[in-house]
$ cat final-v3.json   # JSON, C-alpha atoms
[["chain", "number", "residue", "atom", "x", "y", "z"],
["J", 11, "MET", "CA", -82.87, -35.37, 232.34],
["J", 12, "LEU", "CA", -83.69, -38.63, 234.07],
["J", 13, "ASN", "CA", -85.32, -38.46, 237.46],
["J", 14, "LEU", "CA", -83.69, -41.42, 239.17],
["J", 15, "LYS", "CA", -85.75, -41.09, 242.33],
["J", 16, "GLU", "CA", -88.98, -41.39, 240.34],
["J", 17, "LEU", "CA", -87.63, -44.39, 238.44],
["J", 18, "GLU", "CA", -86.66, -46.01, 241.72],
["J", 19, "LYS", "CA", -90.14, -45.43, 243.14],
["J", 20, "LYS", "CA", -91.70, -47.09, 240.09],
["J", 21, "LEU", "CA", -89.55, -50.15, 240.54],
["J", 22, "ASP", "CA", -90.21, -50.36, 244.27],
["J", 23, "LEU", "CA", -93.95, -50.14, 243.62],
["J", 24, "ALA", "CA", -93.85, -52.84, 240.94],
["J", 25, "LEU", "CA", -91.78, -55.14, 243.14],
["J", 26, "SER", "CA", -94.02, -54.60, 246.15],
["J", 27, "LYS", "CA", -96.93, -56.00, 244.13],
["J", 28, "GLU", "CA", -95.07, -59.15, 243.12],
["J", 29, "THR", "CA", -95.93, -62.44, 244.73],
["J", 30, "PRO", "CA", -94.00, -65.69, 244.33],
["J", 31, "HIS", "CA", -96.75, -66.78, 241.95],
["J", 32, "SER", "CA", -96.76, -63.63, 239.81],
["J", 33, "LEU", "CA", -93.00, -63.57, 239.51],
["J", 34, "SER", "CA", -92.87, -67.27, 238.68],
["J", 35, "GLN", "CA", -95.50, -66.82, 235.99],
["J", 36, "TRP", "CA", -93.57, -63.91, 234.55],
["J", 37, "LEU", "CA", -90.32, -65.90, 234.51],
["J", 38, "ILE", "CA", -92.06, -68.84, 232.93],
["J", 39, "ASN", "CA", -93.37, -66.61, 230.16],
["J", 40, "GLN", "CA", -89.85, -65.34, 229.60],
["J", 41, "TRP", "CA", -88.45, -68.87, 229.26],
["J", 42, "PHE", "CA", -91.28, -69.83, 227.03],
["J", 43, "LYS", "CA", -90.70, -66.86, 224.74],
["J", 44, "ASP", "CA", -86.96, -67.44, 224.70],
["J", 45, "SER", "CA", -87.24, -71.13, 224.01],
["J", 46, "PHE", "CA", -89.81, -71.05, 221.29],
["J", 47, "LYS", "CA", -89.56, -67.46, 220.13],
["J", 48, "LEU", "CA", -93.28, -67.21, 219.80],
["J", 49, "SER", "CA", -93.97, -63.98, 218.05],
["J", 50, "GLY", "CA", -97.46, -64.02, 219.48],
["J", 51, "ARG", "CA", -98.62, -62.51, 216.22],
["J", 52, "LYS", "CA", -102.11, -63.59, 215.50],
["J", 53, "VAL", "CA", -101.94, -64.58, 211.85],
["J", 54, "HIS", "CA", -105.09, -66.60, 211.79],
["J", 55, "GLU", "CA", -108.04, -67.06, 214.09],
["J", 56, "GLU", "CA", -106.62, -70.30, 215.44],
["J", 57, "PHE", "CA", -102.91, -69.99, 214.97],
["J", 58, "ILE", "CA", -99.85, -68.40, 216.48],
["J", 59, "GLU", "CA", -96.81, -67.97, 214.33],
["J", 60, "VAL", "CA", -93.51, -69.37, 215.53],
["J", 61, "SER", "CA", -90.90, -67.06, 214.12],
["J", 62, "ARG", "CA", -88.57, -67.76, 211.25],
["J", 63, "SER", "CA", -85.54, -67.76, 213.49],
["J", 64, "ALA", "CA", -87.10, -70.55, 215.52],
["J", 65, "PHE", "CA", -87.74, -72.43, 212.33],
["J", 66, "SER", "CA", -84.10, -72.17, 211.36],
["J", 67, "LYS", "CA", -83.47, -74.13, 214.53],
["J", 68, "LYS", "CA", -86.35, -76.45, 213.74],
["J", 69, "LYS", "CA", -84.48, -79.59, 214.66],
["J", 70, "ARG", "CA", -83.70, -78.27, 218.10],
["J", 71, "VAL", "CA", -87.18, -76.88, 218.55],
["J", 72, "SER", "CA", -88.78, -80.14, 217.42],
["J", 73, "ILE", "CA", -86.64, -82.10, 219.81],
["J", 74, "GLU", "CA", -87.68, -79.82, 222.62],
["J", 75, "PHE", "CA", -91.32, -80.04, 221.59],
["J", 76, "ASN", "CA", -91.06, -83.81, 221.58],
["J", 77, "ALA", "CA", -89.14, -83.99, 224.80],
["J", 78, "ILE", "CA", -91.77, -81.96, 226.51],
["J", 79, "THR", "CA", -94.89, -83.38, 224.97],
["J", 80, "ASN", "CA", -93.71, -86.93, 224.30],
["J", 81, "TRP", "CA", -95.15, -86.68, 220.84],
["J", 82, "MET", "CA", -93.72, -89.03, 218.31],
["J", 83, "TYR", "CA", -93.37, -86.47, 215.59],
["J", 84, "SER", "CA", -92.95, -82.74, 215.34],
["J", 85, "PRO", "CA", -96.30, -81.13, 216.12],
["J", 86, "PRO", "CA", -95.92, -77.78, 214.34],
["J", 87, "ILE", "CA", -98.33, -77.32, 211.49],
["J", 88, "ILE", "CA", -96.46, -76.07, 208.45],
["J", 89, "LEU", "CA", -98.65, -73.73, 206.47],
["J", 90, "LYS", "CA", -96.29, -71.93, 204.16],
["J", 91, "THR", "CA", -93.42, -72.89, 201.89],
["J", 92, "THR", "CA", -91.26, -70.69, 199.77],
["J", 93, "LYS", "CA", -90.59, -71.41, 196.10],
["J", 94, "LYS", "CA", -86.86, -70.88, 196.43],
["J", 95, "THR", "CA", -86.31, -73.62, 198.94],
["J", 96, "PRO", "CA", -89.21, -76.07, 198.95],
["J", 97, "ASN", "CA", -88.22, -77.54, 202.26],
["J", 98, "ALA", "CA", -88.06, -74.23, 204.02],
["J", 99, "THR", "CA", -90.99, -72.27, 205.29],
["J", 100, "SER", "CA", -91.41, -68.70, 206.29],
["J", 101, "GLY", "CA", -92.35, -69.86, 209.72],
["J", 102, "PHE", "CA", -94.62, -72.47, 211.15],
["J", 103, "PHE", "CA", -97.75, -72.24, 213.10],
["J", 104, "ILE", "CA", -99.29, -73.83, 216.12],
["J", 105, "THR", "CA", -102.78, -73.60, 217.42],
["J", 106, "PHE", "CA", -103.57, -71.61, 220.52],
["J", 107, "ASP", "CA", -104.71, -74.84, 222.15],
["J", 108, "LEU", "CA", -101.45, -76.46, 221.32],
["J", 109, "CYS", "CA", -99.63, -73.41, 222.57],
["J", 110, "GLN", "CA", -101.39, -73.65, 225.92],
["J", 111, "LYS", "CA", -100.80, -77.38, 226.16],
["J", 112, "LEU", "CA", -97.18, -76.88, 225.28],
["J", 113, "LYS", "CA", -96.89, -74.23, 227.91],
["J", 114, "ARG", "CA", -98.37, -76.43, 230.59],
["J", 115, "ASN", "CA", -96.13, -79.32, 229.65],
["J", 116, "TYR", "CA", -93.17, -77.03, 229.44],
["J", 117, "LEU", "CA", -93.82, -75.83, 232.93],
["J", 118, "LYS", "CA", -94.13, -79.37, 234.22],
["J", 119, "ALA", "CA", -90.78, -80.23, 232.70],
["J", 120, "LYS", "CA", -88.99, -77.05, 233.64],
["J", 121, "VAL", "CA", -90.44, -75.93, 236.93],
["J", 122, "PRO", "CA", -92.65, -78.66, 238.39],
["J", 123, "HIS", "CA", -92.59, -77.03, 241.82],
["J", 124, "PHE", "CA", -94.53, -74.06, 240.46],
["J", 125, "LEU", "CA", -97.53, -76.16, 239.47],
["E", 14, "MET", "CA", -78.48, -31.53, 225.27],
["E", 15, "LEU", "CA", -75.76, -34.18, 225.34],
["E", 16, "ILE", "CA", -74.99, -35.47, 221.84],
["E", 17, "ARG", "CA", -72.69, -38.44, 221.37],
["E", 18, "LYS", "CA", -71.10, -39.70, 218.18],
["E", 19, "MET", "CA", -71.51, -43.48, 217.96],
["E", 20, "PHE", "CA", -70.93, -46.27, 215.41],
["E", 21, "HIS", "CA", -73.26, -49.01, 214.21],
["E", 22, "THR", "CA", -71.92, -52.05, 212.31],
["E", 23, "GLN", "CA", -73.89, -54.16, 209.85],
["E", 24, "GLU", "CA", -73.20, -56.57, 206.99],
["E", 25, "LYS", "CA", -72.93, -54.83, 203.65],
["E", 26, "ARG", "CA", -76.15, -55.30, 201.72],
["E", 27, "LEU", "CA", -77.48, -54.02, 198.41],
["E", 28, "VAL", "CA", -79.30, -51.17, 200.05],
["E", 29, "ARG", "CA", -77.76, -48.68, 202.43],
["E", 30, "LEU", "CA", -79.44, -48.34, 205.77],
["E", 31, "LEU", "CA", -81.47, -45.29, 206.60],
["E", 32, "GLN", "CA", -81.66, -46.25, 210.23],
["E", 33, "PRO", "CA", -79.94, -48.84, 212.46],
["E", 34, "ILE", "CA", -81.14, -52.43, 212.64],
["E", 35, "GLU", "CA", -82.60, -53.62, 215.90],
["E", 36, "CYS", "CA", -80.60, -56.35, 217.61],
["E", 37, "VAL", "CA", -82.82, -59.22, 218.74],
["E", 38, "ARG", "CA", -80.10, -61.72, 219.59],
["E", 39, "ASP", "CA", -80.74, -63.90, 222.61],
["E", 40, "ASP", "CA", -77.43, -62.87, 224.09],
["E", 41, "ALA", "CA", -77.93, -59.13, 223.64],
["E", 42, "TRP", "CA", -76.91, -57.87, 227.04],
["E", 43, "LEU", "CA", -79.49, -55.18, 227.43],
["E", 44, "GLY", "CA", -82.32, -56.75, 225.48],
["E", 45, "ASN", "CA", -83.74, -55.81, 222.11],
["E", 46, "GLY", "CA", -82.53, -52.44, 220.93],
["E", 47, "TYR", "CA", -80.24, -50.56, 218.54],
["E", 48, "TYR", "CA", -76.63, -51.15, 219.56],
["E", 49, "PHE", "CA", -73.76, -48.73, 218.92],
["E", 50, "TRP", "CA", -70.05, -48.64, 219.67],
["E", 51, "GLU", "CA", -68.35, -45.56, 221.02],
["E", 52, "ASP", "CA", -65.09, -46.37, 219.25],
["E", 53, "ILE", "CA", -64.75, -47.08, 215.53],
["E", 54, "GLN", "CA", -62.05, -49.66, 216.29],
["E", 55, "ASN", "CA", -64.55, -51.71, 218.26],
["E", 56, "ALA", "CA", -67.14, -51.22, 215.51],
["E", 57, "THR", "CA", -64.54, -52.67, 213.12],
["E", 58, "MET", "CA", -63.74, -55.53, 215.48],
["E", 59, "TRP", "CA", -67.47, -56.34, 215.64],
["E", 60, "GLY", "CA", -67.73, -56.32, 211.84],
["E", 61, "ASN", "CA", -64.86, -58.79, 211.54],
["E", 62, "MET", "CA", -66.28, -60.97, 214.27],
["E", 63, "ALA", "CA", -70.03, -61.00, 213.77],
["E", 64, "LYS", "CA", -70.90, -59.42, 210.41],
["E", 65, "ARG", "CA", -69.04, -61.70, 208.05],
["E", 66, "ASN", "CA", -71.78, -63.22, 205.91],
["E", 67, "THR", "CA", -71.45, -61.04, 202.81],
["E", 68, "GLY", "CA", -67.67, -60.60, 202.97],
["E", 69, "TYR", "CA", -68.02, -56.88, 203.68],
["E", 70, "PHE", "CA", -69.41, -54.84, 206.50],
["E", 71, "GLU", "CA", -70.49, -51.25, 206.83],
["E", 72, "ILE", "CA", -70.00, -48.85, 209.68],
["E", 73, "TYR", "CA", -72.57, -46.12, 210.12],
["E", 74, "LYS", "CA", -71.97, -42.99, 212.15],
["E", 75, "ALA", "CA", -74.78, -41.58, 214.26],
["E", 76, "LEU", "CA", -75.29, -38.56, 216.43],
["E", 77, "ILE", "CA", -77.42, -39.47, 219.39],
["E", 78, "ASP", "CA", -79.14, -37.32, 221.97],
["E", 79, "CYS", "CA", -78.15, -38.91, 225.27],
["E", 80, "GLU", "CA", -80.12, -36.59, 227.56],
["E", 81, "ASN", "CA", -82.30, -39.43, 228.86],
["E", 82, "VAL", "CA", -79.76, -42.20, 228.49],
["E", 83, "LEU", "CA", -78.62, -43.97, 231.62],
["E", 84, "ASP", "CA", -74.86, -43.52, 231.64],
["E", 85, "THR", "CA", -73.43, -46.42, 233.62],
["E", 86, "VAL", "CA", -69.92, -45.81, 232.30],
["E", 87, "PHE", "CA", -68.96, -42.28, 233.30],
["E", 88, "ASN", "CA", -71.76, -41.10, 235.57],
["E", 89, "GLU", "CA", -71.25, -42.50, 239.05],
["E", 90, "GLU", "CA", -74.77, -41.66, 240.22],
["E", 91, "HIS", "CA", -76.28, -43.45, 237.21],
["E", 92, "TYR", "CA", -73.98, -46.42, 237.66],
["E", 93, "ARG", "CA", -74.84, -46.89, 241.32],
["E", 94, "PHE", "CA", -78.55, -46.43, 240.57],
["E", 95, "TRP", "CA", -78.37, -49.03, 237.78],
["E", 96, "LEU", "CA", -76.48, -51.51, 239.94],
["E", 97, "ASN", "CA", -78.93, -51.05, 242.78],
["E", 98, "GLN", "CA", -82.01, -51.50, 240.55],
["E", 99, "ILE", "CA", -80.64, -54.64, 238.93],
["E", 100, "GLN", "CA", -79.78, -56.11, 242.29],
["E", 101, "LYS", "CA", -83.22, -55.30, 243.68],
["E", 102, "VAL", "CA", -84.92, -57.20, 240.87],
["E", 103, "ALA", "CA", -82.45, -60.07, 241.08],
["E", 104, "VAL", "CA", -82.87, -60.39, 244.85],
["E", 105, "GLU", "CA", -86.67, -60.25, 244.59],
["E", 106, "ILE", "CA", -86.70, -62.99, 241.97],
["E", 107, "LYS", "CA", -84.28, -65.09, 243.99],
["E", 108, "GLN", "CA", -86.23, -64.69, 247.21],
["E", 109, "LYS", "CA", -89.67, -65.24, 245.74],
["E", 110, "THR", "CA", -88.92, -67.97, 243.22],
["E", 111, "GLY", "CA", -85.62, -69.45, 244.36],
["E", 112, "LEU", "CA", -84.19, -68.84, 240.90],
["E", 113, "LYS", "CA", -81.30, -66.77, 239.65],
["E", 114, "ALA", "CA", -82.38, -64.27, 237.01],
["E", 115, "THR", "CA", -80.41, -63.63, 233.87],
["E", 116, "LEU", "CA", -79.43, -60.12, 232.85],
["E", 117, "LYS", "CA", -81.82, -60.39, 229.94],
["E", 118, "GLN", "CA", -84.69, -61.22, 232.28],
["E", 119, "VAL", "CA", -83.83, -58.34, 234.55],
["E", 120, "ASN", "CA", -83.81, -55.95, 231.61],
["E", 121, "SER", "CA", -87.06, -57.40, 230.30],
["E", 122, "TYR", "CA", -88.57, -56.78, 233.71],
["E", 123, "PHE", "CA", -87.74, -53.08, 233.52],
["E", 124, "LYS", "CA", -89.05, -52.79, 229.97],
["E", 125, "GLU", "CA", -92.17, -54.93, 230.15],
["E", 126, "LYS", "CA", -93.37, -53.45, 233.40],
["E", 127, "GLY", "CA", -92.95, -49.98, 231.96],
["E", 128, "ILE", "CA", -90.63, -48.99, 234.79],
["E", 129, "TRP", "CA", -88.01, -47.42, 232.56],
["E", 130, "ASN", "CA", -90.21, -45.90, 229.88],
["E", 131, "GLU", "CA", -88.34, -42.62, 230.25],
["E", 132, "VAL", "CA", -84.97, -44.28, 229.73],
["E", 133, "THR", "CA", -84.21, -43.92, 226.03],
["E", 134, "GLY", "CA", -81.00, -45.96, 226.16],
["E", 135, "ILE", "CA", -78.21, -47.32, 228.31],
["E", 136, "TYR", "CA", -74.53, -46.51, 227.99],
["E", 137, "PHE", "CA", -72.55, -49.48, 229.24],
["E", 138, "GLN", "CA", -69.15, -51.12, 229.05],
["E", 139, "ASP", "CA", -67.11, -54.26, 229.26],
["E", 140, "PHE", "CA", -63.44, -54.90, 228.57],
["E", 141, "SER", "CA", -61.88, -56.41, 225.48],
["E", 142, "ASN", "CA", -59.87, -59.59, 225.89],
["E", 143, "ASP", "CA", -58.00, -58.83, 222.69],
["E", 144, "GLU", "CA", -54.35, -58.16, 223.57],
["E", 145, "ASN", "CA", -54.03, -55.86, 220.56],
["E", 146, "ALA", "CA", -56.77, -53.58, 221.87],
["E", 147, "THR", "CA", -54.40, -51.80, 224.26],
["E", 148, "LEU", "CA", -50.81, -50.62, 224.07],
["E", 149, "VAL", "CA", -49.68, -52.00, 227.43],
["E", 150, "TYR", "CA", -48.92, -55.67, 227.80],
["E", 151, "ARG", "CA", -51.61, -57.50, 229.80],
["E", 152, "PHE", "CA", -53.14, -54.30, 231.10],
["E", 153, "VAL", "CA", -56.76, -53.96, 230.05],
["E", 154, "TYR", "CA", -57.11, -50.27, 230.86],
["E", 155, "LYS", "CA", -59.43, -49.34, 228.01],
["E", 156, "LYS", "CA", -63.18, -49.54, 228.44],
["E", 157, "ARG", "CA", -65.13, -51.02, 225.57],
["E", 158, "VAL", "CA", -68.14, -48.75, 225.56],
["E", 159, "GLN", "CA", -71.48, -49.42, 223.90],
["E", 160, "LEU", "CA", -74.84, -47.74, 223.79],
["E", 161, "VAL", "CA", -78.16, -49.49, 223.41],
["E", 162, "VAL", "CA", -80.89, -47.21, 222.11],
["E", 163, "TYR", "CA", -84.51, -48.07, 222.85],
["E", 164, "ASP", "CA", -86.07, -45.00, 221.26],
["E", 165, "LEU", "CA", -85.12, -44.30, 217.64],
["E", 166, "SER", "CA", -86.16, -40.67, 217.90],
["E", 167, "ILE", "CA", -82.99, -39.82, 219.86],
["E", 168, "ILE", "CA", -80.84, -40.61, 216.82],
["E", 169, "THR", "CA", -80.48, -37.22, 215.19],
["E", 170, "THR", "CA", -78.29, -38.18, 212.22],
["E", 171, "PHE", "CA", -77.35, -41.54, 210.75],
["E", 172, "GLY", "CA", -75.16, -42.22, 207.72],
["E", 173, "LEU", "CA", -72.61, -44.57, 206.23],
["E", 174, "THR", "CA", -69.05, -43.73, 207.14],
["E", 175, "THR", "CA", -67.03, -46.67, 205.78],
["E", 176, "THR", "CA", -67.26, -50.06, 204.08],
["E", 177, "ARG", "CA", -64.65, -52.69, 204.83],
["E", 178, "SER", "CA", -63.88, -56.22, 203.74],
["E", 179, "VAL", "CA", -63.94, -58.88, 206.39],
["E", 180, "LYS", "CA", -60.55, -60.02, 207.69]]

$ encode --input "final-v3.json" --output "structure tokens"
Amino acid sequence: MLNLKELEKKLDLALSKETPHSLSQWLINQWFKDSFKLSGRKVHEEFIEVSRSAFSKKKRVSIEFNAITNWMYSPPIILKTTKKTPNATSGFFITFDLCQKLKRNYLKAKVPHFL
Amino acid sequence: MLIRKMFHTQEKRLVRLLQPIECVRDDAWLGNGYYFWEDIQNATMWGNMAKRNTGYFEIYKALIDCENVLDTVFNEEHYRFWLNQIQKVAVEIKQKTGLKATLKQVNSYFKEKGIWNEVTGIYFQDFSNDENATLVYRFVYKKRVQLVVYDLSIITTFGLTTTRSVK
């Protein structure tokens, strides 16, 4: 049986530790995950996989990448292709550096007042 | 032990499911989890609406131990607790960041911070806007009840109950 009082205490404790900065960082991470669906799975020393579902929306994702970074072309590095559909991949990959840069630029675009 | 009979809808595939499929949709109200309908009619509605790709959908019946499920539909204490907790998080986010949180973010907060580790699922409801869902004209008296399960171990049995063609 759930102990609601204990659950409430846990929430109150967690919230009491939050600062505007910590909450903002947490929200930013949520937006970032939602927007780019980064699986965070470390598939290679230097790469993070962007999930297949993000790839299926590649056009949108690329546009967002470009809008944020002002790059002239889509920056994701495509490492895999399937035989069935040569143009499709099982996901694409970005470097951790790129991920961090993207994050910073994303924040600038989305929530400049937090930086 | 409180056991509920619930229904899980999926597209018909070559292989029958041995367990439900986790919903990871962006618009999943209560975050990633295994979603069930209380009513087979709503499970059928969902199949016709969202599980159309293969032309057929399957409805699986499950028995679920709801002992540690937050029941926001029929348990007033749970409902008021849930409402209060959501509002606390929402107010905190609003006050400290100036932003309005989404329901998904609020639920992620509970899950990621480990606050609701003991909560194995949430029983929740909305109302159908389908006029055929009720027998009284323009009176939406029937709750559309769902359960999101976060912990697979509370599903005691799971099996196919019917296969239907998409309408």

$ residues_around --input "final-v3.json" --residues "Met11 of chain J" --least-positions-apart "4" --cutoff "12 Å" --atoms "all atoms listed in the file" --output "PyMOL selection string"
(chain J and resi 15-17) or (chain E and resi 14-15+78-84+91+131-133)

$ residues_near_point --input "final-v3.json" --point "(-82.9, -45.8, 240.3)" --cutoff "7 Å" --atoms "all atoms listed in the file" --output "MDAnalysis selection string"
(chainID J and resid 14:15 17:18) or (chainID E and resid 94:95 98)

$ closest_atom_pairs --input "final-v3.json" --of "chain J" --to "chain E" --cutoff "8 Å" --atoms "all atoms listed in the file" --output "tab-separated table"
residue	atom	partner	partner_atom	distance
J:Met11	CA	E:Asn81	CA	5.4
J:Leu12	CA	E:Asn81	CA	5.5
J:Leu14	CA	E:Phe94	CA	7.3
J:Leu17	CA	E:Ile128	CA	6.6
J:Glu18	CA	E:Gln98	CA	7.3
J:Lys20	CA	E:Ile128	CA	5.7
J:Leu21	CA	E:Ile128	CA	6.0
J:Ala24	CA	E:Lys126	CA	7.6
J:Leu25	CA	E:Glu105	CA	7.4
J:Thr29	CA	E:Lys109	CA	6.9
J:Pro30	CA	E:Lys109	CA	4.6
J:Leu33	CA	E:Ile106	CA	6.8
J:Ser34	CA	E:Thr110	CA	6.1
J:Leu37	CA	E:Gln118	CA	7.7
J:Gln40	CA	E:Gln118	CA	7.1
J:Asp44	CA	E:Asp39	CA	7.5

$ residues_around --input "final-v3.json" --residues "Thr176 of chain E" --least-positions-apart "3" --cutoff "12 Å" --atoms "all atoms listed in the file" --output "list in words"
His21, Thr22, Gln23, Glu24, Lys25, Arg26, Arg29, Ala56, Thr57, Gly60, Asn61, Lys64, Thr67, Gly68, Tyr69, Phe70, Glu71, Ile72, Tyr73, Lys74, Gly172, Leu173 and Val179 of chain E

$ atom_distance --input "final-v3.json" --atom1 "atom CA of Leu116 of chain E" --atom2 "atom CA of Ser26 of chain J"
20.5 Å

$ atom_distance --input "final-v3.json" --atom1 "atom CA of Met58 of chain E" --atom2 "atom CA of Ser141 of chain E"
10.2 Å

$ atom_distance --input "final-v3.json" --atom1 "atom CA of Asn88 of chain E" --atom2 "atom CA of Leu43 of chain E"
18.0 Å
